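> One structure is given below, represented as structure tokens, and several questions about it will come after.
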Protein chains: 2
Amino acid sequence: MITIYDIAEKAGVSAMTVSRVINNTGRISEATRKRVKKVMEELHYIPNSMARSLVLQKTKILSLLITDITNPFYTTLARGAEDAALRAGYRLLFANSDEDYAKEKGYVDMMLSTRVDGVLFAPTGDHSLENLLQLQKHNIPFVMLDREIPGIGADLVLGDSKEGARKLVEHLIELGHRRIAMINGSPDVSTARLRYSGYREAHLLNGLSVEDSLVIHRNFRDFQDESALDALIHHENPPTAIFAANNMLAIGAIQALRKRGLQVPSDLSLVCFDGFGPTDALNPFLTVASQPAYQFGALGMQLLVERIEGEATPEHRKMILPSELLIRSSAQALR
Amino acid sequence: MITIYDIAEKAGVSAMTVSRVINNTGRISEATRKRVKKVMEELHYIPNSMARSLVLQKTKILSLLITDITNPFYTTLARGAEDAALRAGYRLLFANSDEDYAKEKGYVDMMLSTRVDGVLFAPTGDHSLENLLQLQKHNIPFVMLDREIPGIGADLVLGDSKEGARKLVEHLIELGHRRIAMINGSPDVSTARLRYSGYREAHLLNGLSVEDSLVIHRNFRDFQDESALDALIHHENPPTAIFAANNMLAIGAIQALRKRGLQVPSDLSLVCFDGFGPTDALNPFLTVASQPAYQFGALGMQLLVERIEGEATPEHRKMILPSELLIRSSAQALR
DNA sequence: CTGTTAGCGCCTTCAG
DNA sequence: CTGAAGGCGCTAACAG
């Protein structure tokens, strides 16, 4: 491996001079700068960033933790975060928790031992608190994304879960639906709670009562166990519409319904939170509350960088990004 | 920051003993091992992986370079690679070139300076050769994914581009289509060349001639410029079907056609390479050659780890993963 | 403008 | 079974 000492020797200067050329610090005569640069190229020198980080105590690496890399919402968000990170001179290390606390913890340990400069953190749920505290204890700045956690202060970028859910459900109500099921994520996740509360509010505002037997809970990542869906279908007074709390749940529900010979929207209307990224264009069929995923990443990254570089005010900032109701054809008027 | 020296002091041993406890090397009495471990927990010690890597000359970090993080083929592949990496005790650093050579080069520089132990590399195209040679020069093992590059030897995991393309186009021919357009990626990419050659072969085997005015080239990432599509539509003898060389091109084409008032499949049949990951289930509409994306990642990672850990034979291995023709409803019989 | 010294946190080697 | 010395590649702080 080529080191600055190899360069120094061949260029007839000290290692320190080479270091200065590399970092553009101090004053160096144009002549030696050129000479050193030439030798660096000849020897194909690549700085060792670990040695560098070890002494500087910073890595210029940030980490983005998302809960599902196969979910287009998060990949689009990742693009936003990546672009913003590169622009600010940082590299981005992606991590994928799969909505799994243990996997999340593993990645947090890794961030700690890699000494990343900061983390953009979409938690798996409230129990992620432990992992966040771990970061806090080791003075690693972080910004939280998409989901809020009681008991910890941090900069936040959230969607308008309650509002978005209310709009979706009111849309169904306007179409004449009165019995609306909800397929929600785990109640351990703030967005699940808020989307439920928007669902509830839409009912109350319209003089409808909420029936808890129509609300089922699943992992946000996938639908899996379909038994609860059967309970809905065979309900003594079955729903005519479904509100899925995110895109993956909607996919799972549609698939499960299809297996049972039921079509959306002819047999059952369906709306959901989140779009499907680029594949949305393929089939603009689902009525959704679309979130500005790219902005989540870009804005979150901006907050993070500001915090790291000390440009942020001490108090925590909370950004709420609006979602947009896109009315398409997966929900029909009743009858 | 807590170091092994802090632990050593508090436990009344030398730093070396602490290091041995951490790494389970050498022989240590059960008593001191316990004492040291206790102190480590009390102080919330986290090993500094950079200091460690600096002396060991290995990082236990691998990198996965893909060309489009918003493409479900690559995110599914990423999941496969991640799972396999974690299983083998490595961490994975994701990088996203966006089909952009300069961005790819930036990431390669970063891999070099981070001294990753190995790279799973999906190149942007033939000109990526430069970047691969760079890795080779610095003795960083790599495995190539999805695309082959003339002029460099490496382990390879590829799809059966030619075969898959042939099957798709023959399917169209069986449906009665005779004038089949192709929307291809850049000819700088091996999969684009092979898919074209499968397209060509399907024609020749069926006694049809290939008309180059029906073949257009685009970036695999997105459709953008739609003028070439207009040329197809207003062709004096227009195509009745389109073969898109990948999923993103299919999305772009469908969108552009729709804008022009043309529907698939009623006005034009369309088939493409690659599925759409989880969102495929949403709308099993497109007839595709589906590739085992997860396997690409998992198998590639396995080859990479074997190569790094010296368990691989010196000669390069080339794995070809079959694609599966999924006949759905986006291609109809002519007339 | 350039060099010397010291040390970031850890592990290898060689002594006890 | 345990410790002391030295060095991985780099840069901050201080000299000149």
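Simple scheme: letters A, B, ... for chains in structure tokens order, numbers from 1 for residues in each chain, numbers from 1 for ligands in the order shown.
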Determine, for each residue of segment 139-171 of chain A having at least one atom at most 8 Å from an atom of segment 325-328 of chain A, the closest pair of atoms and their separation in Å to one decimal, counting only C-alpha atoms; order by chain and ascending number, as a tab-separated table.


residue	atom	partner	partner_atom	distance
A:Gly164	CA	A:Leu325	CA	7.4
A:Lys167	CA	A:Leu325	CA	7.2
A:Leu168	CA	A:Leu325	CA	7.0

> DSSP on the backbone: which residues in segment 90-272 of chain B end up as strand (DSSP E)? Give the answer as a PyMOL selection string.

chain B and resi 91-96+118-121+142-145+155-159+180-184+215-217+241-244+269-272

> Could you write out, as a PyMOL selection string, all the residues of segment 14-161 of chain A that DSSP marks as helix (DSSP H, G or I)?

chain A and resi 15-23+30-42+49-56+72-87+101-114+126-137+161

> As a PDB file with C-alpha atoms, in the first residue's frame, please: the residues near segment 6-11 of chain D (cut-off 7 Å, only C-alpha atoms (C1' of nucleotides), same-chain neighbours under 4 positions excluded).


ATOM      1  CA  THR A   3       1.399   5.882   1.956  1.00  0.00           C
ATOM      2  CA  ASN A  48      -6.489   5.848   3.653  1.00  0.00           C
ATOM      3  CA  ALA A  51      -6.184   6.470   9.265  1.00  0.00           C
ATOM      4  CA  ARG A  52      -7.525   9.894   8.535  1.00  0.00           C
ATOM      5  CA  VAL A  55      -6.938  11.166  13.968  1.00  0.00           C
TER       6      VAL A  55
ATOM      7  CA  LEU B  54      -5.994   0.166  10.420  1.00  0.00           C
ATOM      8  CA  VAL B  55      -3.816  -2.438  12.024  1.00  0.00           C
TER       9      VAL B  55
END

> How close does chain B get to chain C? List, as CSV, each residue of chain B within 12 Å, its nearest atom pair and the distance in Å to one decimal, counting only C-alpha atoms (C1' of nucleotides).


residue,atom,partner,partner_atom,distance
B:Met1,CA,C:DG9,C1',10.0
B:Ile2,CA,C:DG9,C1',9.6
B:Thr3,CA,C:DG9,C1',6.7
B:Ile4,CA,C:DG9,C1',7.8
B:Tyr5,CA,C:DG9,C1',8.9
B:Asp6,CA,C:DG9,C1',11.2
B:Ala15,CA,C:DC10,C1',9.3
B:Met16,CA,C:DC11,C1',8.1
B:Thr17,CA,C:DC11,C1',11.0
B:Val18,CA,C:DC10,C1',10.6
B:Ser19,CA,C:DC11,C1',7.6
B:Arg20,CA,C:DC11,C1',9.2
B:Ile22,CA,C:DC10,C1',11.1
B:Asn23,CA,C:DC11,C1',10.0
B:Thr25,CA,C:DC11,C1',11.0
B:Ile46,CA,C:DG9,C1',11.3
B:Pro47,CA,C:DG9,C1',8.6
B:Asn48,CA,C:DG9,C1',6.7
B:Ser49,CA,C:DC10,C1',8.8
B:Met50,CA,C:DG9,C1',8.2
B:Ala51,CA,C:DG9,C1',5.0
B:Arg52,CA,C:DC10,C1',5.2
B:Ser53,CA,C:DC10,C1',8.5
B:Leu54,CA,C:DC10,C1',8.1
B:Val55,CA,C:DC11,C1',6.4
B:Leu56,CA,C:DC11,C1',7.4
B:Gln57,CA,C:DC11,C1',10.9

> Using only C-alpha atoms, which residue out of A:Asn131, A:Ser269, A:Thr313, A:Asn139 lies closest to chain B?

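Closest to chain B, using only C-alpha atoms: A:Asn139.
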
> Identify every residue of chain D that has at least one atom within 7 Å of any atom of chain B, counting only C-alpha atoms (C1' of nucleotides), and report the result as a PyMOL selection string.

chain D and resi 1-3+8

> Between B:Pro284, B:Pro238, B:Gly151, B:Pro141, which one has atoms that come closest to chain A, using only C-alpha atoms?

B:Pro284

> Skip segment 256-261 of chain A itself and residues of its chain fewer than 2 positions away, then list as a ChimeraX atom specification all residues within 9 Å of it, counting only C-alpha atoms (C1' of nucleotides).

/A:223,226,229,251-254,263-264

> Need to verify the contact set: segment 98-108 of chain A, 9 Å, only C-alpha atoms (C1' of nucleotides), exclusion of same-chain residues closer than 5 positions in sequence. Can you return it as a PyMOL selection string?

(chain A and resi 65-69+113+123-125+127-128+130-132+134-135+219-221) or (chain B and resi 91)

> Using Å and a single decimal, report how far atom CA of Lys162 of chain A sits from atom CA of Pro322 of chain A.

10.5 Å
